[in-house]
file model38.tsv (TSV, C-alpha atoms)
chain	number	residue	atom	x	y	z
Y	23	MET	CA	-73.26	-69.63	-32.54
Y	24	ILE	CA	-74.25	-72.62	-30.42
Y	25	GLN	CA	-71.67	-75.41	-30.53
Y	26	LEU	CA	-72.88	-78.97	-29.98
Y	27	SER	CA	-69.53	-80.75	-29.93
Y	28	THR	CA	-65.95	-80.27	-28.80
Y	29	PRO	CA	-63.73	-80.08	-31.91
Y	30	ILE	CA	-60.54	-82.11	-31.61
Y	31	GLN	CA	-57.44	-80.42	-32.98
Y	32	LEU	CA	-55.41	-82.95	-34.92
Y	33	PRO	CA	-51.66	-83.00	-34.24
Y	34	PRO	CA	-49.20	-82.02	-37.00
Y	35	SER	CA	-49.27	-84.55	-39.83
Y	36	PRO	CA	-46.43	-87.04	-40.28
Y	37	PRO	CA	-44.71	-87.33	-43.67
Y	38	ARG	CA	-47.63	-87.91	-46.01
Y	39	LEU	CA	-48.37	-91.35	-47.43
Y	40	SER	CA	-48.78	-91.75	-51.16
Y	41	TYR	CA	-49.65	-94.36	-53.72
Y	42	GLY	CA	-46.73	-96.70	-54.23
Y	43	MET	CA	-45.78	-96.84	-50.55
Y	44	SER	CA	-46.25	-100.21	-48.80
Y	45	GLY	CA	-47.55	-100.71	-45.30
Y	46	LEU	CA	-48.96	-103.00	-42.62
Y	47	SER	CA	-52.05	-102.37	-40.51
Y	48	LEU	CA	-51.95	-104.25	-37.20
Y	49	GLY	CA	-54.06	-104.40	-34.07
Y	50	SER	CA	-57.67	-104.38	-33.00
Y	51	CYS	CA	-60.79	-104.43	-35.19
Y	52	PHE	CA	-60.43	-100.66	-35.55
Y	53	SER	CA	-57.18	-101.28	-37.47
Y	54	GLU	CA	-59.16	-103.43	-39.90
Y	55	HIS	CA	-61.68	-100.64	-40.49
Y	56	ILE	CA	-58.97	-98.07	-41.21
Y	57	GLY	CA	-56.79	-100.54	-43.11
Y	58	THR	CA	-59.63	-101.74	-45.33
Y	59	TYR	CA	-60.62	-98.14	-46.08
Y	60	LEU	CA	-57.09	-97.32	-47.26
Y	61	ARG	CA	-56.54	-100.62	-49.09
Y	62	GLU	CA	-59.82	-100.32	-50.99
Y	63	GLY	CA	-58.79	-96.75	-51.79
Y	64	GLY	CA	-55.74	-97.97	-53.69
Y	65	LEU	CA	-52.94	-98.06	-51.10
Y	66	SER	CA	-50.61	-101.06	-50.93
Y	67	LEU	CA	-51.44	-102.48	-47.53
Y	68	GLU	CA	-51.57	-105.83	-45.72
Y	69	ILE	CA	-54.05	-106.03	-42.85
Y	70	ASN	CA	-53.57	-108.13	-39.71
Y	71	PRO	CA	-51.65	-111.16	-41.04
Y	72	PHE	CA	-52.26	-112.81	-37.64
Y	73	GLY	CA	-55.86	-111.69	-37.38
Y	74	ILE	CA	-57.14	-109.20	-34.84
Y	75	GLN	CA	-54.74	-108.57	-31.95
Y	76	TYR	CA	-55.81	-106.33	-29.08
Y	77	ASN	CA	-52.80	-105.71	-26.87
Y	78	PRO	CA	-49.40	-104.18	-27.76
Y	79	LEU	CA	-47.42	-107.22	-26.55
Y	80	SER	CA	-49.20	-109.58	-28.96
Y	81	ILE	CA	-48.79	-107.11	-31.82
Y	82	ALA	CA	-45.06	-106.88	-31.05
Y	83	GLU	CA	-44.72	-110.67	-31.05
Y	84	GLY	CA	-46.44	-110.85	-34.43
Y	85	LEU	CA	-44.05	-108.28	-35.87
Y	86	ASN	CA	-41.07	-110.12	-34.42
Y	87	GLN	CA	-42.23	-113.35	-36.05
Y	88	LEU	CA	-42.56	-111.60	-39.41
Y	89	LEU	CA	-39.05	-110.17	-39.12
Y	90	LYS	CA	-37.66	-113.66	-38.43
Y	91	GLY	CA	-39.07	-114.82	-41.78
Y	92	LYS	CA	-39.70	-118.36	-40.56
Y	93	ASP	CA	-42.68	-120.54	-41.53
Y	94	PHE	CA	-45.03	-121.74	-38.82
Y	95	GLU	CA	-44.77	-125.46	-38.13
Y	96	GLU	CA	-46.96	-128.07	-36.48
Y	97	GLN	CA	-45.08	-127.65	-33.20
Y	98	ASP	CA	-46.47	-124.08	-33.07
Y	99	LEU	CA	-50.03	-125.44	-32.88
Y	100	PHE	CA	-52.15	-127.10	-30.23
Y	101	GLU	CA	-55.37	-129.08	-30.50
Y	102	TYR	CA	-58.48	-128.29	-28.49
Y	103	GLU	CA	-62.00	-129.63	-29.02
Y	104	GLY	CA	-61.30	-130.85	-32.53
Y	105	LEU	CA	-59.54	-127.76	-33.86
Y	106	TYR	CA	-55.88	-126.84	-34.27
Y	107	HIS	CA	-55.01	-123.35	-33.02
Y	108	SER	CA	-52.10	-120.99	-32.56
Y	109	PHE	CA	-51.75	-118.70	-29.54
Y	110	LEU	CA	-50.44	-116.01	-31.89
Y	111	HIS	CA	-53.37	-116.15	-34.32
Y	112	HIS	CA	-57.04	-115.29	-34.34
Y	113	GLY	CA	-59.51	-118.17	-34.40
Y	114	SER	CA	-60.23	-117.55	-38.10
Y	115	PHE	CA	-56.92	-119.32	-38.83
Y	116	SER	CA	-57.87	-122.45	-36.87
Y	117	SER	CA	-58.70	-125.68	-38.69
Y	118	ILE	CA	-59.81	-129.27	-38.10
Y	119	ASP	CA	-56.36	-130.45	-39.18
Y	120	PRO	CA	-52.87	-128.98	-38.69
Y	121	GLU	CA	-52.24	-128.81	-42.45
Y	122	GLY	CA	-55.23	-126.51	-42.98
Y	123	ALA	CA	-54.27	-124.22	-40.11
Y	124	LEU	CA	-50.63	-123.97	-41.23
Y	125	LEU	CA	-51.68	-123.31	-44.82
Y	126	ARG	CA	-53.74	-120.28	-43.77
Y	127	MET	CA	-51.15	-118.98	-41.34
Y	128	ASN	CA	-48.24	-119.27	-43.74
Y	129	GLU	CA	-50.14	-117.84	-46.70
Y	130	ALA	CA	-50.91	-114.72	-44.66
Y	131	ARG	CA	-47.32	-114.58	-43.38
Y	132	ARG	CA	-45.84	-114.88	-46.88
Y	133	SER	CA	-48.15	-112.21	-48.23
Y	134	ALA	CA	-46.88	-109.84	-45.54
Y	135	LEU	CA	-43.28	-110.94	-46.14
Y	136	GLU	CA	-43.52	-109.95	-49.82
Y	137	LEU	CA	-44.26	-106.42	-48.65
Y	138	LEU	CA	-41.56	-106.20	-45.96
Y	139	PRO	CA	-38.59	-105.30	-48.22
Y	140	HIS	CA	-40.50	-102.18	-49.30
Y	141	LEU	CA	-42.12	-101.34	-45.96
Y	142	SER	CA	-42.80	-97.60	-45.64
Y	143	PHE	CA	-45.39	-97.36	-42.87
Y	144	LEU	CA	-47.07	-99.17	-40.00
Y	145	LEU	CA	-50.56	-98.43	-38.71
Y	146	VAL	CA	-50.99	-99.87	-35.23
Y	147	THR	CA	-54.16	-99.69	-33.16
Y	148	TRP	CA	-53.83	-100.42	-29.45
Y	149	GLY	CA	-57.04	-101.95	-28.11
Y	150	THR	CA	-56.36	-102.84	-24.48
Y	151	ALA	CA	-53.53	-103.01	-21.97
Y	152	TYR	CA	-55.01	-106.16	-20.41
Y	153	VAL	CA	-53.23	-109.36	-21.41
Y	154	TYR	CA	-53.74	-113.09	-20.94
Y	155	ARG	CA	-50.61	-115.00	-19.90
Y	156	LEU	CA	-50.27	-118.78	-19.94
Y	157	ALA	CA	-50.54	-120.20	-16.43
Y	158	THR	CA	-50.00	-123.81	-17.54
Y	159	GLU	CA	-48.02	-125.66	-20.19
Y	160	ASP	CA	-50.88	-128.07	-20.94
Y	161	TYR	CA	-51.29	-126.67	-24.47
Y	162	GLY	CA	-47.71	-125.79	-25.29
Y	163	GLY	CA	-46.11	-122.38	-25.00
Y	164	GLY	CA	-44.14	-121.13	-22.03
Y	165	LEU	CA	-45.40	-120.07	-18.64
Y	166	GLY	CA	-46.16	-116.36	-18.66
Y	167	GLN	CA	-46.36	-116.18	-22.46
Y	168	VAL	CA	-48.84	-113.53	-23.63
Y	169	VAL	CA	-51.42	-114.92	-26.06
Y	170	SER	CA	-53.31	-113.13	-28.80
Y	171	ASN	CA	-56.37	-115.35	-28.47
Y	172	CYS	CA	-57.60	-117.68	-25.75
Y	173	HIS	CA	-59.54	-119.94	-28.16
Y	174	LYS	CA	-62.12	-120.67	-25.42
Y	175	LEU	CA	-59.66	-122.72	-23.37
Y	176	PRO	CA	-60.51	-123.27	-19.69
Y	177	GLU	CA	-60.12	-120.14	-17.58
Y	178	ARG	CA	-57.46	-121.79	-15.41
Y	179	THR	CA	-55.18	-121.89	-18.48
Y	180	PHE	CA	-54.50	-118.16	-18.16
Y	181	ARG	CA	-53.55	-115.43	-15.76
Y	182	ARG	CA	-55.00	-112.06	-16.66
Y	183	ASP	CA	-53.43	-108.73	-15.73
Y	184	ARG	CA	-52.86	-105.23	-17.04
Y	185	ALA	CA	-49.47	-104.68	-18.67
Y	186	SER	CA	-47.58	-101.75	-17.19
Y	187	LEU	CA	-46.21	-98.82	-19.15
Y	188	SER	CA	-42.65	-99.94	-18.40
Y	189	GLU	CA	-43.34	-103.47	-19.71
Y	190	LEU	CA	-44.84	-102.15	-22.94
Y	191	LEU	CA	-41.85	-99.86	-23.49
Y	192	SER	CA	-39.35	-102.63	-22.67
Y	193	VAL	CA	-40.81	-104.70	-25.52
Y	194	TRP	CA	-41.49	-101.99	-28.08
Y	195	CYS	CA	-38.35	-99.86	-27.79
Y	196	PRO	CA	-35.99	-102.67	-28.93
Y	197	LEU	CA	-38.47	-103.57	-31.68
Y	198	ILE	CA	-38.61	-99.99	-32.97
Y	199	GLU	CA	-34.81	-99.83	-32.87
Y	200	GLU	CA	-34.68	-102.94	-35.05
Y	201	LEU	CA	-37.31	-101.55	-37.42
Y	202	ARG	CA	-35.42	-98.24	-37.68
Y	203	GLY	CA	-32.26	-100.16	-38.50
Y	204	ARG	CA	-34.01	-101.90	-41.39
Y	205	TYR	CA	-36.25	-99.00	-42.46
Y	206	PRO	CA	-34.74	-95.67	-41.31
Y	207	ASP	CA	-37.61	-93.63	-42.75
Y	208	LEU	CA	-40.39	-95.89	-41.46
Y	209	ILE	CA	-43.57	-94.06	-40.43
Y	210	ILE	CA	-45.38	-95.62	-37.46
Y	211	VAL	CA	-48.86	-94.23	-36.92
Y	212	GLN	CA	-50.44	-95.17	-33.60
Y	213	ALA	CA	-54.08	-94.97	-32.59
Y	214	VAL	CA	-55.95	-96.07	-29.49
Y	215	SER	CA	-59.14	-97.92	-30.28
Y	216	PRO	CA	-62.28	-96.06	-29.16
Y	217	VAL	CA	-64.02	-99.39	-28.55
Y	218	ARG	CA	-64.66	-99.67	-24.82
Y	219	HIS	CA	-63.87	-102.96	-23.07
Y	220	LEU	CA	-66.63	-102.82	-20.49
Y	221	ARG	CA	-65.92	-106.34	-19.31
Y	222	ASP	CA	-63.19	-104.64	-17.29
Y	223	GLY	CA	-65.74	-102.24	-15.82
Y	224	ALA	CA	-65.84	-98.54	-16.64
Y	225	HIS	CA	-62.94	-97.79	-14.29
Y	226	GLY	CA	-60.83	-100.73	-15.50
Y	227	ASN	CA	-61.40	-99.72	-19.11
Y	228	ALA	CA	-60.36	-96.15	-18.29
Y	229	LEU	CA	-57.13	-97.40	-16.66
Y	230	SER	CA	-56.39	-99.60	-19.67
Y	231	LYS	CA	-56.95	-96.79	-22.19
Y	232	ALA	CA	-54.92	-94.39	-20.02
Y	233	THR	CA	-52.00	-96.85	-20.07
Y	234	LEU	CA	-52.23	-97.07	-23.86
Y	235	LEU	CA	-52.40	-93.29	-24.23
Y	236	LEU	CA	-49.32	-92.85	-22.04
Y	237	PHE	CA	-47.57	-95.59	-24.01
Y	238	ALA	CA	-48.33	-93.92	-27.36
Y	239	GLU	CA	-47.23	-90.55	-26.00
Y	240	GLU	CA	-43.91	-91.95	-24.77
Y	241	LEU	CA	-43.15	-93.61	-28.10
Y	242	THR	CA	-43.79	-90.34	-29.95
Y	243	ARG	CA	-41.47	-88.59	-27.50
Y	244	LEU	CA	-38.69	-91.16	-27.80
Y	245	TYR	CA	-38.92	-91.54	-31.58
Y	246	PRO	CA	-40.27	-88.24	-32.94
Y	247	GLN	CA	-39.00	-88.90	-36.47
Y	248	ASN	CA	-40.77	-92.25	-36.76
Y	249	CYS	CA	-43.71	-92.44	-34.33
Y	250	PHE	CA	-46.87	-90.37	-34.65
Y	251	TYR	CA	-50.25	-90.40	-32.95
Y	252	PHE	CA	-53.69	-90.03	-34.50
Y	253	PRO	CA	-56.40	-89.19	-31.92
Y	254	SER	CA	-59.15	-91.58	-33.03
Y	255	TYR	CA	-59.95	-92.28	-29.37
Y	256	GLU	CA	-60.42	-88.59	-28.62
Y	257	LEU	CA	-62.45	-87.99	-31.79
Y	258	VAL	CA	-65.01	-90.61	-30.82
Y	259	LEU	CA	-65.05	-90.12	-27.05
Y	260	ASP	CA	-64.97	-86.31	-27.06
Y	261	GLU	CA	-65.92	-84.77	-30.39
Y	262	LEU	CA	-68.59	-87.42	-31.12
Y	263	ARG	CA	-69.79	-87.67	-27.54
Y	264	ASP	CA	-73.26	-89.01	-28.24
Y	265	TYR	CA	-74.69	-92.55	-28.35
Y	266	ARG	CA	-76.13	-91.92	-31.80
Y	267	TYR	CA	-72.55	-92.41	-33.01
Y	268	TYR	CA	-72.42	-95.95	-31.60
Y	269	ALA	CA	-73.75	-99.28	-32.83
Y	270	ASP	CA	-76.67	-100.95	-31.06
Y	271	ASP	CA	-74.34	-102.50	-28.46
Y	272	LEU	CA	-73.38	-98.94	-27.34
Y	273	VAL	CA	-69.74	-100.03	-27.35
Y	274	HIS	CA	-68.58	-100.17	-30.98
Y	275	PRO	CA	-68.57	-97.08	-33.21
Y	276	SER	CA	-71.38	-96.98	-35.77
Y	277	THR	CA	-70.78	-97.12	-39.51
Y	278	LEU	CA	-71.26	-93.34	-39.66
Y	279	THR	CA	-68.62	-92.84	-36.96
Y	280	GLN	CA	-66.18	-95.08	-38.80
Y	281	ARG	CA	-66.67	-92.97	-41.93
Y	282	ILE	CA	-66.10	-89.72	-40.04
Y	283	VAL	CA	-62.88	-91.00	-38.47
Y	284	GLN	CA	-61.70	-92.53	-41.76
Y	285	GLU	CA	-62.16	-89.23	-43.59
Y	286	ARG	CA	-60.35	-87.26	-40.89
Y	287	PHE	CA	-57.59	-89.85	-40.88
Y	288	SER	CA	-57.06	-89.82	-44.65
Y	289	SER	CA	-57.00	-86.00	-44.82
Y	290	TRP	CA	-54.40	-86.00	-42.01
Y	291	LEU	CA	-52.17	-88.76	-43.39
Y	292	LEU	CA	-52.41	-88.94	-47.20
Y	293	ASP	CA	-50.87	-86.68	-49.81
Y	294	GLU	CA	-53.10	-84.67	-52.15
Y	295	GLU	CA	-52.93	-87.15	-55.03
Y	296	SER	CA	-53.99	-90.08	-52.82
Y	297	GLN	CA	-56.79	-87.99	-51.31
Y	298	ARG	CA	-58.11	-87.34	-54.82
Y	299	GLY	CA	-57.78	-90.97	-55.88
Y	300	LEU	CA	-59.24	-92.55	-52.73
Y	301	PRO	CA	-62.93	-91.68	-53.35
Y	302	LEU	CA	-62.60	-92.64	-57.02
Y	303	ALA	CA	-61.29	-96.09	-56.08
Y	304	HIS	CA	-64.07	-96.49	-53.51
Y	305	ARG	CA	-66.70	-95.52	-56.06
Y	306	LEU	CA	-65.33	-98.06	-58.54
Y	307	ARG	CA	-65.38	-100.76	-55.87
Y	308	ARG	CA	-68.99	-100.01	-54.95
Y	309	GLU	CA	-70.05	-100.33	-58.58
Y	310	LEU	CA	-68.06	-103.52	-59.05
Y	311	SER	CA	-69.76	-105.02	-55.98
Y	312	HIS	CA	-73.06	-105.17	-57.90
Y	313	ARG	CA	-72.89	-108.55	-59.59
Y	314	PRO	CA	-74.92	-108.71	-62.81
Y	315	LEU	CA	-78.04	-110.85	-62.81
Y	316	HIS	CA	-77.93	-111.50	-66.56
Y	317	GLU	CA	-74.35	-111.64	-67.82
Y	318	GLU	CA	-75.47	-112.52	-71.33
Y	319	GLY	CA	-77.53	-109.35	-71.84
Y	320	LYS	CA	-76.65	-106.33	-73.98
Y	321	ALA	CA	-76.92	-104.01	-70.98
Y	322	HIS	CA	-74.30	-106.03	-69.14
Y	323	ALA	CA	-71.92	-105.85	-72.12
Y	324	GLN	CA	-72.29	-102.07	-72.21
Y	325	ARG	CA	-71.77	-101.82	-68.46
Y	326	LEU	CA	-68.64	-103.97	-68.72
Y	327	GLN	CA	-67.22	-101.74	-71.40
Y	328	THR	CA	-67.88	-98.61	-69.33
Y	329	LEU	CA	-66.41	-100.10	-66.15
Y	330	ARG	CA	-63.31	-101.40	-67.93
Y	331	GLY	CA	-62.79	-97.95	-69.40
Y	332	ARG	CA	-63.08	-96.33	-65.97
Y	333	ILE	CA	-60.66	-98.85	-64.44
Y	334	GLN	CA	-58.15	-98.16	-67.19
Y	335	ALA	CA	-58.59	-94.39	-66.75
Y	336	PHE	CA	-58.01	-94.73	-63.00
Y	337	ARG	CA	-54.87	-96.80	-63.56
Y	338	THR	CA	-53.58	-94.28	-66.09
Y	339	GLN	CA	-54.18	-91.36	-63.72
Y	340	TYR	CA	-52.88	-93.22	-60.63
Y	341	PRO	CA	-50.37	-95.77	-61.96
Y	342	LEU	CA	-49.00	-96.61	-58.49
Y	343	ALA	CA	-52.43	-97.30	-56.96
Y	344	GLN	CA	-53.49	-100.90	-56.31
Y	345	LEU	CA	-56.97	-102.19	-57.18
Y	346	TYR	CA	-57.25	-105.38	-55.15
Y	347	ASP	CA	-59.66	-108.28	-55.56
Y	348	LEU	CA	-61.44	-107.20	-58.72
Y	349	PRO	CA	-64.37	-109.54	-59.51
Y	350	SER	CA	-63.67	-112.25	-62.08
Y	351	TRP	CA	-66.54	-111.14	-64.31
Y	352	ILE	CA	-64.86	-107.80	-65.06
Y	353	ASP	CA	-62.03	-109.52	-67.00
call {"tool": "encode", "arguments": {"input": "model38.tsv", "output": "structure tokens"}}
result
Amino acid sequence: MIQLSTPIQLPPSPPRLSYGMSGLSLGSCFSEHIGTYLREGGLSLEINPFGIQYNPLSIAEGLNQLLKGKDFEEQDLFEYEGLYHSFLHHGSFSSIDPEGALLRMNEARRSALELLPHLSFLLVTWGTAYVYRLATEDYGGGLGQVVSNCHKLPERTFRRDRASLSELLSVWCPLIEELRGRYPDLIIVQAVSPVRHLRDGAHGNALSKATLLLFAEELTRLYPQNCFYFPSYELVLDELRDYRYYADDLVHPSTLTQRIVQERFSSWLLDEESQRGLPLAHRLRRELSHRPLHEEGKAHAQRLQTLRGRIQAFRTQYPLAQLYDLPSWID
């Protein structure tokens, strides 16, 4: 039989996740795709409380800030071109006044903090080993500080380099030790984003991804009871080696590719009950996304009754599952 792809053998599964377990999904945009898929499938999950973060050093700093449990204050912000920003946060948290920025940042932080006492798993997606370090103190922060977002500041504000394997390990090993002290059974699932950073050139991108792959491998070796690796990078770059699996920019995975990886990921990571419940929760969410045009009609009343019955049946069958952000009209 002719074979048109190279099947990727998934590594042994970590302890399976189930409804009722709480987790954080951190990292690049790929972490948002996976995290949203699981969250909308009923898992208790907070996604990127600092916004998208691409490099492991920024992700580590975000986690450290969460563990400190301290609110962000105005001294943590800087103003540039009429907006207040944080070097730790994505631009979606920025605001025209410091009060607005701090409100968004601290709401996201507190939402994640509510989950921390019950933390069971972390999903972390490494995007790039390249980092931007502050080369000036014009906007606050310390010289050499790694930033999560440059917020379109002048290029001279930063020095850009590729973090070494030893630097990544020197930051993450103490952090994992602290996490293990708080959560001895914590499951940390790592993935390397398949999104190529071609700004670095094909060779530079390959060096960056190789650094991340070595980093993930070393963490799984050092902490085999806690750290696990899911080969999303290999699935896209090897098994789905065809540009039809990419978006129009030929860099980001297409919607179809995201679905393929999500399904492989959930079958690898979730227990049988969660695997059964996940598509049911997704189907409910798709139906609930269709807002009625005529809420006063008889057809809408019948639809409401049916949907409410299905929601109740889902909650009865999967009492530990979470159905987030239900539309107001369903109540």
call {"tool": "residues_around", "arguments": {"input": "model38.tsv", "residues": "stretch 251-258 of chain Y", "least_positions_apart": "3", "cutoff": "10 Å", "atoms": "all atoms listed in the file", "output": "short mmCIF file (atom, residue, chain, number, x, y, z; two decimals) with C-alpha atoms, in the coordinates of the input"}}
result
data_model
loop_
_atom_site.label_atom_id
_atom_site.label_comp_id
_atom_site.auth_asym_id
_atom_site.auth_seq_id
_atom_site.Cartn_x
_atom_site.Cartn_y
_atom_site.Cartn_z
CA THR Y 28 -65.95 -80.27 -28.80
CA PRO Y 29 -63.73 -80.08 -31.91
CA ILE Y 30 -60.54 -82.11 -31.61
CA GLN Y 31 -57.44 -80.42 -32.98
CA LEU Y 32 -55.41 -82.95 -34.92
CA PRO Y 33 -51.66 -83.00 -34.24
CA PRO Y 34 -49.20 -82.02 -37.00
CA SER Y 35 -49.27 -84.55 -39.83
CA PRO Y 36 -46.43 -87.04 -40.28
CA PHE Y 52 -60.43 -100.66 -35.55
CA LEU Y 145 -50.56 -98.43 -38.71
CA VAL Y 146 -50.99 -99.87 -35.23
CA THR Y 147 -54.16 -99.69 -33.16
CA ILE Y 210 -45.38 -95.62 -37.46
CA VAL Y 211 -48.86 -94.23 -36.92
CA GLN Y 212 -50.44 -95.17 -33.60
CA ALA Y 213 -54.08 -94.97 -32.59
CA VAL Y 214 -55.95 -96.07 -29.49
CA SER Y 215 -59.14 -97.92 -30.28
CA PRO Y 216 -62.28 -96.06 -29.16
CA VAL Y 217 -64.02 -99.39 -28.55
CA ARG Y 218 -64.66 -99.67 -24.82
CA LYS Y 231 -56.95 -96.79 -22.19
CA LEU Y 235 -52.40 -93.29 -24.23
CA ALA Y 238 -48.33 -93.92 -27.36
CA GLU Y 239 -47.23 -90.55 -26.00
CA LEU Y 241 -43.15 -93.61 -28.10
CA THR Y 242 -43.79 -90.34 -29.95
CA GLU Y 261 -65.92 -84.77 -30.39
CA LEU Y 262 -68.59 -87.42 -31.12
CA ARG Y 263 -69.79 -87.67 -27.54
CA ASP Y 264 -73.26 -89.01 -28.24
CA TYR Y 267 -72.55 -92.41 -33.01
CA TYR Y 268 -72.42 -95.95 -31.60
CA PRO Y 275 -68.57 -97.08 -33.21
CA THR Y 279 -68.62 -92.84 -36.96
CA GLN Y 280 -66.18 -95.08 -38.80
CA ILE Y 282 -66.10 -89.72 -40.04
CA VAL Y 283 -62.88 -91.00 -38.47
CA GLN Y 284 -61.70 -92.53 -41.76
CA ARG Y 286 -60.35 -87.26 -40.89
CA PHE Y 287 -57.59 -89.85 -40.88
CA TRP Y 290 -54.40 -86.00 -42.01
CA LEU Y 291 -52.17 -88.76 -43.39
#
call {"tool": "residues_around", "arguments": {"input": "model38.tsv", "residues": "Y:Arg332", "least_positions_apart": "4", "cutoff": "8 Å", "atoms": "only C-alpha atoms", "output": "list in words"}}
result
Leu306, Thr328 and Phe336 of chain Y
call {"tool": "atom_distance", "arguments": {"input": "model38.tsv", "atom1": "atom CA of Y:Arg202", "atom2": "atom CA of Y:Thr150"}}
result
25.2 Å
call {"tool": "atom_distance", "arguments": {"input": "model38.tsv", "atom1": "atom CA of Y:Gly84", "atom2": "atom CA of Y:Ile69"}}
result
12.3 Å
call {"tool": "residues_near_point", "arguments": {"input": "model38.tsv", "point": "(-66.2, -101.4, -50.0)", "cutoff": "9 Å", "atoms": "all atoms listed in the file", "output": "list in words"}}
result
Thr58, Tyr59, Glu62, Gly63, His304, Arg305, Arg307, Arg308 and Ser311 of chain Y
call {"tool": "closest_residue", "arguments": {"input": "model38.tsv", "among": "Y:Asn171, Y:Ser230, Y:Asn86, Y:Thr179", "to": "Y:Ile198", "atoms": "all atoms listed in the file"}}
result
Y:Asn86
call {"tool": "closest_atom_pairs", "arguments": {"input": "model38.tsv", "of": "stretch 148-226 of chain Y", "to": "stretch 110-118 of chain Y", "cutoff": "8 Å", "atoms": "all atoms listed in the file", "output": "JSON lines"}}
result
{"residue": "Y:Val169", "atom": "CA", "partner": "Y:Leu110", "partner_atom": "CA", "distance": 6.0}
{"residue": "Y:Ser170", "atom": "CA", "partner": "Y:Leu110", "partner_atom": "CA", "distance": 5.1}
{"residue": "Y:Asn171", "atom": "CA", "partner": "Y:His112", "partner_atom": "CA", "distance": 5.9}
{"residue": "Y:His173", "atom": "CA", "partner": "Y:Gly113", "partner_atom": "CA", "distance": 6.5}
call {"tool": "atom_distance", "arguments": {"input": "model38.tsv", "atom1": "atom CA of Y:Thr233", "atom2": "atom CA of Y:Leu89"}}
result
26.6 Å
